[in-house]
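*Asks:* Supplied structure: entry_5.pdb, PDB, C-alpha atoms, pLDDT in the B column.
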```
ATOM      1  CA  MET A 945       0.000   0.000   0.000  1.00 38.00           C
ATOM      2  CA  PRO A 946       2.798   2.528   0.734  1.00 42.00           C
ATOM      3  CA  ASP A 947       4.172   1.867  -2.754  1.00 49.00           C
ATOM      4  CA  ALA A 948       0.792   2.761  -4.242  1.00 48.00           C
ATOM      5  CA  ASN A 949       0.812   6.046  -2.341  1.00 51.00           C
ATOM      6  CA  LYS A 950       4.357   6.730  -3.512  1.00 49.00           C
ATOM      7  CA  ASP A 951       3.344   5.999  -7.112  1.00 55.00           C
ATOM      8  CA  SER A 952       0.322   8.261  -6.716  1.00 58.00           C
ATOM      9  CA  ASN A 953       2.553  11.111  -5.514  1.00 63.00           C
ATOM     10  CA  ASN A 954       4.937  10.620  -8.464  1.00 74.00           C
ATOM     11  CA  ILE A 955       2.162  10.922 -11.053  1.00 79.00           C
ATOM     12  CA  GLU A 956       2.363  14.168 -13.008  1.00 80.00           C
ATOM     13  CA  LYS A 957      -0.965  15.892 -12.393  1.00 82.00           C
ATOM     14  CA  VAL A 958      -1.272  18.531 -15.079  1.00 86.00           C
ATOM     15  CA  ARG A 959      -4.890  18.691 -16.185  1.00 88.00           C
ATOM     16  CA  PHE A 960      -6.125  21.062 -13.477  1.00 88.00           C
ATOM     17  CA  GLU A 961      -3.284  23.524 -14.070  1.00 91.00           C
ATOM     18  CA  ARG A 962      -3.898  23.310 -17.814  1.00 90.00           C
ATOM     19  CA  LEU A 963      -7.583  24.080 -17.258  1.00 89.00           C
ATOM     20  CA  ARG A 964      -6.647  27.125 -15.156  1.00 90.00           C
ATOM     21  CA  LEU A 965      -4.144  28.246 -17.792  1.00 90.00           C
ATOM     22  CA  VAL A 966      -6.683  27.898 -20.619  1.00 91.00           C
ATOM     23  CA  ALA A 967      -9.314  29.837 -18.649  1.00 90.00           C
ATOM     24  CA  ARG A 968      -6.755  32.553 -17.811  1.00 91.00           C
ATOM     25  CA  ARG A 969      -5.625  32.876 -21.431  1.00 92.00           C
ATOM     26  CA  ALA A 970      -9.224  33.016 -22.662  1.00 90.00           C
ATOM     27  CA  LEU A 971      -9.975  35.768 -20.140  1.00 89.00           C
ATOM     28  CA  GLU A 972      -6.869  37.751 -21.107  1.00 90.00           C
ATOM     29  CA  GLU A 973      -7.718  37.434 -24.792  1.00 89.00           C
ATOM     30  CA  LEU A 974     -11.257  38.645 -24.125  1.00 87.00           C
ATOM     31  CA  ILE A 975      -9.993  41.630 -22.113  1.00 87.00           C
ATOM     32  CA  LYS A 976      -7.410  42.447 -24.782  1.00 86.00           C
ATOM     33  CA  LYS A 977     -10.062  42.282 -27.486  1.00 84.00           C
ATOM     34  CA  SER A 978     -12.700  44.239 -25.578  1.00 81.00           C
ATOM     35  CA  LEU A 979     -10.565  46.919 -23.947  1.00 82.00           C
ATOM     36  CA  SER A 980      -7.942  47.890 -26.506  1.00 81.00           C
ATOM     37  CA  ILE A 981      -6.867  51.538 -26.443  1.00 80.00           C
ATOM     38  CA  ASP A 982      -7.649  51.850 -30.161  1.00 80.00           C
ATOM     39  CA  GLN A 983     -11.204  50.631 -29.666  1.00 78.00           C
ATOM     40  CA  VAL A 984     -11.819  52.786 -26.610  1.00 78.00           C
ATOM     41  CA  SER A 985     -10.271  55.848 -28.300  1.00 79.00           C
ATOM     42  CA  THR A 986     -12.967  55.790 -30.965  1.00 80.00           C
ATOM     43  CA  CYS A 987     -15.532  56.415 -28.218  1.00 80.00           C
ATOM     44  CA  PHE A 988     -13.690  59.516 -26.984  1.00 79.00           C
ATOM     45  CA  PRO A 989     -12.270  61.355 -29.977  1.00 79.00           C
ATOM     46  CA  THR A 990     -12.130  64.724 -28.226  1.00 81.00           C
ATOM     47  CA  LEU A 991     -10.594  63.242 -25.096  1.00 79.00           C
ATOM     48  CA  VAL A 992      -7.747  61.518 -26.940  1.00 79.00           C
ATOM     49  CA  ASN A 993      -6.841  64.705 -28.822  1.00 83.00           C
ATOM     50  CA  SER A 994      -5.238  66.107 -25.678  1.00 81.00           C
ATOM     51  CA  GLU A 995      -2.214  64.565 -23.998  1.00 81.00           C
ATOM     52  CA  ASP A 996      -3.808  64.694 -20.526  1.00 84.00           C
ATOM     53  CA  GLY A 997      -7.023  63.200 -21.844  1.00 81.00           C
ATOM     54  CA  LEU A 998      -5.180  60.296 -23.462  1.00 82.00           C
ATOM     55  CA  ILE A 999      -3.205  59.652 -20.272  1.00 86.00           C
ATOM     56  CA  SER A1000      -6.409  59.673 -18.204  1.00 84.00           C
ATOM     57  CA  LEU A1001      -8.102  57.309 -20.634  1.00 83.00           C
ATOM     58  CA  GLU A1002      -5.155  54.897 -20.622  1.00 86.00           C
ATOM     59  CA  SER A1003      -5.072  54.967 -16.812  1.00 87.00           C
ATOM     60  CA  ALA A1004      -8.805  54.257 -16.585  1.00 85.00           C
ATOM     61  CA  LEU A1005      -8.479  51.480 -19.142  1.00 85.00           C
ATOM     62  CA  SER A1006      -5.640  49.903 -17.168  1.00 87.00           C
ATOM     63  CA  GLN A1007      -7.695  50.026 -13.952  1.00 89.00           C
ATOM     64  CA  MET A1008     -10.735  48.526 -15.658  1.00 87.00           C
ATOM     65  CA  SER A1009      -8.655  45.717 -17.191  1.00 88.00           C
ATOM     66  CA  GLY A1010      -6.966  44.923 -13.882  1.00 90.00           C
ATOM     67  CA  PHE A1011     -10.271  44.919 -12.006  1.00 90.00           C
ATOM     68  CA  TRP A1012     -11.942  42.650 -14.562  1.00 89.00           C
ATOM     69  CA  HIS A1013      -8.930  40.299 -14.674  1.00 90.00           C
ATOM     70  CA  SER A1014      -8.489  39.851 -10.918  1.00 91.00           C
ATOM     71  CA  ASN A1015     -12.215  39.508 -10.159  1.00 91.00           C
ATOM     72  CA  SER A1016     -12.746  36.969 -12.939  1.00 91.00           C
ATOM     73  CA  LEU A1017      -9.804  34.825 -11.832  1.00 91.00           C
ATOM     74  CA  ALA A1018     -11.096  34.890  -8.257  1.00 92.00           C
ATOM     75  CA  GLU A1019     -14.535  33.799  -9.515  1.00 91.00           C
ATOM     76  CA  PHE A1020     -12.958  30.999 -11.569  1.00 90.00           C
ATOM     77  CA  ASP A1021     -11.031  29.759  -8.506  1.00 91.00           C
ATOM     78  CA  LEU A1022     -14.235  29.772  -6.460  1.00 91.00           C
ATOM     79  CA  ILE A1023     -15.987  27.664  -9.112  1.00 91.00           C
ATOM     80  CA  TYR A1024     -13.061  25.225  -9.251  1.00 89.00           C
ATOM     81  CA  LYS A1025     -13.244  24.847  -5.470  1.00 92.00           C
ATOM     82  CA  GLU A1026     -17.040  24.466  -5.355  1.00 91.00           C
ATOM     83  CA  LYS A1027     -16.950  21.754  -8.037  1.00 88.00           C
ATOM     84  CA  ASP A1028     -13.874  20.036  -6.524  1.00 90.00           C
ATOM     85  CA  MET A1029     -12.351  20.184  -9.982  1.00 88.00           C
ATOM     86  CA  GLU A1030      -8.738  19.854  -8.843  1.00 90.00           C
ATOM     87  CA  ALA A1031      -9.377  16.511  -7.116  1.00 90.00           C
ATOM     88  CA  LYS A1032     -11.447  15.211 -10.037  1.00 89.00           C
ATOM     89  CA  LEU A1033      -8.862  16.151 -12.643  1.00 88.00           C
ATOM     90  CA  ASP A1034      -6.044  14.760 -10.480  1.00 89.00           C
ATOM     91  CA  GLU A1035      -7.976  11.492 -10.283  1.00 88.00           C
ATOM     92  CA  LEU A1036      -8.329  11.523 -14.064  1.00 86.00           C
ATOM     93  CA  ASP A1037      -4.543  12.031 -14.338  1.00 85.00           C
ATOM     94  CA  GLU A1038      -4.055   8.956 -12.135  1.00 87.00           C
ATOM     95  CA  ILE A1039      -6.458   6.835 -14.189  1.00 83.00           C
ATOM     96  CA  ILE A1040      -4.709   7.820 -17.419  1.00 83.00           C
ATOM     97  CA  HIS A1041      -1.278   7.218 -15.864  1.00 83.00           C
ATOM     98  CA  ASN A1042      -2.317   3.740 -14.691  1.00 81.00           C
ATOM     99  CA  ALA A1043      -3.718   2.916 -18.122  1.00 79.00           C
ATOM    100  CA  GLN A1044      -0.486   4.086 -19.770  1.00 80.00           C
ATOM    101  CA  THR A1045       1.584   2.038 -17.305  1.00 81.00           C
ATOM    102  CA  ALA A1046      -0.462  -1.069 -18.108  1.00 77.00           C
ATOM    103  CA  LYS A1047      -0.076  -0.386 -21.822  1.00 78.00           C
ATOM    104  CA  ASP A1048       3.696   0.052 -21.473  1.00 78.00           C
ATOM    105  CA  ALA A1049       3.859  -3.270 -19.616  1.00 79.00           C
ATOM    106  CA  GLY A1050       2.368  -4.969 -22.666  1.00 75.00           C
ATOM    107  CA  GLU A1051      -1.107  -5.393 -21.221  1.00 69.00           C
ATOM    108  CA  LYS A1052      -2.942  -4.364 -24.341  1.00 56.00           C
ATOM    109  CA  PRO A1053      -5.226  -6.245 -26.695  1.00 43.00           C
ATOM    110  CA  SER A1054      -4.453  -6.673 -30.369  1.00 48.00           C
ATOM    111  CA  ASN A1055      -6.433  -4.585 -32.859  1.00 56.00           C
ATOM    112  CA  ILE A1056      -6.933  -1.950 -30.190  1.00 58.00           C
ATOM    113  CA  ASP A1057      -8.263   0.502 -32.744  1.00 62.00           C
ATOM    114  CA  ARG A1058     -11.296  -1.739 -33.279  1.00 64.00           C
ATOM    115  CA  LEU A1059     -12.301  -1.897 -29.624  1.00 64.00           C
ATOM    116  CA  SER A1060     -14.731   0.373 -27.840  1.00 68.00           C
ATOM    117  CA  ALA A1061     -13.572   2.508 -24.910  1.00 67.00           C
ATOM    118  CA  LEU A1062     -15.296   0.160 -22.472  1.00 71.00           C
ATOM    119  CA  GLU A1063     -13.578  -2.899 -24.028  1.00 68.00           C
ATOM    120  CA  ILE A1064     -10.151  -1.234 -23.769  1.00 65.00           C
ATOM    121  CA  VAL A1065     -10.633  -0.454 -20.085  1.00 67.00           C
ATOM    122  CA  ASP A1066     -12.144  -3.883 -19.468  1.00 66.00           C
ATOM    123  CA  SER A1067      -9.167  -5.648 -21.080  1.00 62.00           C
ATOM    124  CA  THR A1068      -6.679  -4.215 -18.567  1.00 60.00           C
ATOM    125  CA  ILE A1069      -8.540  -5.561 -15.527  1.00 56.00           C
ATOM    126  CA  MET A1070      -9.332  -9.079 -14.406  1.00 46.00           C
ATOM    127  CA  SER A1071     -11.683  -9.972 -17.219  1.00 49.00           C
ATOM    128  CA  ASN A1072     -12.726 -13.215 -15.535  1.00 47.00           C
ATOM    129  CA  SER A1073     -14.423 -11.326 -12.704  1.00 55.00           C
ATOM    130  CA  ASN A1074     -18.209 -11.136 -12.913  1.00 53.00           C
ATOM    131  CA  ASP A1075     -18.166  -7.580 -11.548  1.00 59.00           C
ATOM    132  CA  VAL A1076     -15.851  -6.109 -14.199  1.00 56.00           C
ATOM    133  CA  PRO A1077     -18.451  -5.076 -16.816  1.00 65.00           C
ATOM    134  CA  GLU A1078     -20.702  -3.508 -14.207  1.00 68.00           C
ATOM    135  CA  ASN A1079     -17.796  -1.690 -12.535  1.00 65.00           C
ATOM    136  CA  MET A1080     -16.406  -0.465 -15.832  1.00 68.00           C
ATOM    137  CA  GLN A1081     -19.798   0.802 -16.928  1.00 75.00           C
ATOM    138  CA  MET A1082     -20.118   2.639 -13.623  1.00 75.00           C
ATOM    139  CA  ILE A1083     -16.662   4.238 -14.064  1.00 76.00           C
ATOM    140  CA  TYR A1084     -17.475   5.119 -17.674  1.00 76.00           C
ATOM    141  CA  ASP A1085     -20.802   6.687 -16.666  1.00 79.00           C
ATOM    142  CA  LEU A1086     -19.129   8.615 -13.830  1.00 79.00           C
ATOM    143  CA  LEU A1087     -16.360   9.991 -16.068  1.00 81.00           C
ATOM    144  CA  ARG A1088     -18.873  10.880 -18.745  1.00 83.00           C
ATOM    145  CA  ALA A1089     -21.084  12.728 -16.240  1.00 83.00           C
ATOM    146  CA  GLU A1090     -18.064  14.587 -14.853  1.00 83.00           C
ATOM    147  CA  ASN A1091     -16.950  15.562 -18.349  1.00 82.00           C
ATOM    148  CA  GLN A1092     -20.442  16.845 -19.091  1.00 86.00           C
ATOM    149  CA  ASP A1093     -20.389  18.865 -15.854  1.00 84.00           C
ATOM    150  CA  LEU A1094     -17.015  20.336 -16.797  1.00 84.00           C
ATOM    151  CA  TYR A1095     -18.321  21.202 -20.258  1.00 83.00           C
ATOM    152  CA  LYS A1096     -21.396  22.904 -18.771  1.00 86.00           C
ATOM    153  CA  GLU A1097     -19.188  24.798 -16.320  1.00 85.00           C
ATOM    154  CA  LEU A1098     -16.875  25.996 -19.091  1.00 85.00           C
ATOM    155  CA  SER A1099     -19.898  26.986 -21.187  1.00 85.00           C
ATOM    156  CA  ARG A1100     -21.206  28.976 -18.225  1.00 86.00           C
ATOM    157  CA  LEU A1101     -17.823  30.690 -17.850  1.00 86.00           C
ATOM    158  CA  VAL A1102     -17.870  31.606 -21.541  1.00 85.00           C
ATOM    159  CA  THR A1103     -21.381  33.037 -21.115  1.00 87.00           C
ATOM    160  CA  GLU A1104     -20.236  35.027 -18.070  1.00 85.00           C
ATOM    161  CA  CYS A1105     -17.294  36.405 -20.050  1.00 85.00           C
ATOM    162  CA  LYS A1106     -19.654  37.456 -22.837  1.00 84.00           C
ATOM    163  CA  ASP A1107     -21.964  39.061 -20.275  1.00 84.00           C
ATOM    164  CA  ALA A1108     -18.969  40.877 -18.805  1.00 82.00           C
ATOM    165  CA  GLU A1109     -18.065  42.070 -22.292  1.00 82.00           C
ATOM    166  CA  GLY A1110     -21.608  43.433 -22.694  1.00 82.00           C
ATOM    167  CA  SER A1111     -21.311  45.122 -19.304  1.00 81.00           C
ATOM    168  CA  ILE A1112     -18.067  46.756 -20.400  1.00 82.00           C
ATOM    169  CA  ASP A1113     -19.710  47.976 -23.600  1.00 79.00           C
ATOM    170  CA  THR A1114     -22.512  49.500 -21.492  1.00 82.00           C
ATOM    171  CA  THR A1115     -19.971  51.084 -19.151  1.00 79.00           C
ATOM    172  CA  MET A1116     -18.038  52.491 -22.095  1.00 78.00           C
ATOM    173  CA  ALA A1117     -21.266  53.995 -23.439  1.00 78.00           C
ATOM    174  CA  GLN A1118     -21.871  55.601 -20.029  1.00 76.00           C
ATOM    175  CA  ILE A1119     -18.337  56.983 -19.999  1.00 74.00           C
ATOM    176  CA  LYS A1120     -18.806  58.324 -23.516  1.00 73.00           C
ATOM    177  CA  GLY A1121     -22.077  59.964 -22.475  1.00 74.00           C
ATOM    178  CA  GLU A1122     -20.363  61.499 -19.464  1.00 69.00           C
ATOM    179  CA  ALA A1123     -17.520  62.744 -21.679  1.00 67.00           C
ATOM    180  CA  ASN A1124     -19.965  64.276 -24.144  1.00 69.00           C
ATOM    181  CA  SER A1125     -21.899  65.971 -21.355  1.00 69.00           C
ATOM    182  CA  HIS A1126     -18.685  67.611 -20.127  1.00 61.00           C
ATOM    183  CA  GLY A1127     -17.786  68.814 -23.603  1.00 56.00           C
ATOM    184  CA  ARG A1128     -14.108  69.573 -23.764  1.00 49.00           C
ATOM    185  CA  GLU A1129     -13.651  69.637 -19.973  1.00 52.00           C
ATOM    186  CA  GLU A1130     -10.926  67.368 -18.692  1.00 52.00           C
ATOM    187  CA  ILE A1131     -12.214  64.115 -17.221  1.00 52.00           C
ATOM    188  CA  HIS A1132     -10.185  62.815 -14.310  1.00 56.00           C
ATOM    189  CA  VAL A1133      -9.575  59.127 -13.629  1.00 53.00           C
ATOM    190  CA  ASP A1134     -11.485  59.402 -10.329  1.00 56.00           C
ATOM    191  CA  ASN A1135     -14.588  60.518 -12.232  1.00 59.00           C
ATOM    192  CA  LEU A1136     -14.267  57.559 -14.614  1.00 56.00           C
ATOM    193  CA  VAL A1137     -13.882  55.150 -11.688  1.00 56.00           C
ATOM    194  CA  ASN A1138     -16.962  56.660  -9.991  1.00 60.00           C
ATOM    195  CA  ILE A1139     -18.943  56.080 -13.199  1.00 56.00           C
ATOM    196  CA  LEU A1140     -17.800  52.453 -13.242  1.00 56.00           C
ATOM    197  CA  GLU A1141     -18.710  51.890  -9.602  1.00 57.00           C
ATOM    198  CA  ASN A1142     -22.195  53.383 -10.060  1.00 55.00           C
TER     199      ASN A1142
END
```
As structure tokens, what does this structure read like?

*Replies:*
Amino acid sequence: MPDANKDSNNIEKVRFERLRLVARRALEELIKKSLSIDQVSTCFPTLVNSEDGLISLESALSQMSGFWHSNSLAEFDLIYKEKDMEAKLDELDEIIHNAQTAKDAGEKPSNIDRLSALEIVDSTIMSNSNDVPENMQMIYDLLRAENQDLYKELSRLVTECKDAEGSIDTTMAQIKGEANSHGREEIHVDNLVNILEN
């Protein structure tokens, strides 16, 4: 049993970190696309014509991007924790590692490309046991349900990102309206932040 624990600790568990990295990159790409200085500048042509106005706009844009980035990552981490995604993906890493170890040891059927997923898993376990098909079906159903949950969760995160993008567009429209109402008056970063918080 201690050897099994040692083997479990030596397994490279990468899927959870890859999920976090993909979510982070998707968020950063969305922020970059939604809050580029070129795009925002088109909303405030009079503001960007002055050096102070451009500096204020860039500062506000930086604050908005940082706020969106940090809050979204915190929300993602909360979802990962609520769904126990790290433990589930680590368990998946272990299952895949064990299957690869069995394959490397020569425990594989011939014509593997013609077998179903259930037959491949079934062939690496004691096939003479009466419980194997039932247990394998249960594992298959469990993994499938977990994958579906992960897919739904990622779809929800994508929807939230799109909603956040819409919220930013609305906020930008409010800022533009505020800028237009002030005419050529200088708009300070504090005023822009107050608009965002309201």

*Asks:* Could you spell out the hits of the PyMOL selection byres ((chain A and resi 1030) around 10) on the shown file, as a list in words?

*Replies:*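 Against this file, the PyMOL selection byres ((chain A and resi 1030) around 10) returns the residues Lys957, Val958, Arg959, Phe960, Glu961, Leu963, Arg964, Tyr1024, Lys1025, Lys1027, Asp1028, Met1029, Ala1031, Lys1032, Leu1033, Asp1034, Glu1035 and Leu1036 of chain A.
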
*Asks:* Taking into account all atoms listed in the file, which residue in the set A:Glu1002, A:Ile1023, A:Ala1046, A:Arg1088 is nearest to A:Arg1100?

*Replies:* A:Ile1023

*Asks:* What are the nearest atom pairs, with distances in Å to one decimal, for all residues of stretch 946-1042 of chain A that come at most 9 Å from stretch 1109-1118 of chain A, using only C-alpha atoms, set out by chain and rising residue number as a Markdown table?

*Replies:*
```
| residue | atom | partner | partner_atom | distance |
| --- | --- | --- | --- | --- |
| A:Leu974 | CA | A:Glu1109 | CA | 7.8 |
| A:Ile975 | CA | A:Glu1109 | CA | 8.1 |
| A:Ser978 | CA | A:Glu1109 | CA | 6.7 |
| A:Leu979 | CA | A:Ile1112 | CA | 8.3 |
| A:Val984 | CA | A:Met1116 | CA | 7.7 |
| A:Cys987 | CA | A:Met1116 | CA | 7.7 |
| A:Met1008 | CA | A:Ile1112 | CA | 8.9 |
```

*Asks:* Return the single residue from A:Thr1045, A:Thr990, A:Ser1016, A:Gln1092 that is closest to A:Glu1104, with distances computed using all atoms listed in the file.

*Replies:*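 Closest candidate: A:Ser1016.
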
*Asks:* Any chance you could work out the residue set of the PyMOL selection byres ((chain A and resi 968-970) around 12) here, as a PyMOL selection string?

*Replies:* chain A and resi 961-967+971-977+1012-1021+1098+1101-1102+1105-1106

*Asks:* Give me, please, the distance in Å between atom CA of A:Asp1048 and atom CA of A:Leu1094, quoted to one decimal.

*Replies:*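 Result for atom CA of A:Asp1048 versus atom CA of A:Leu1094: 29.4 Å, one decimal.
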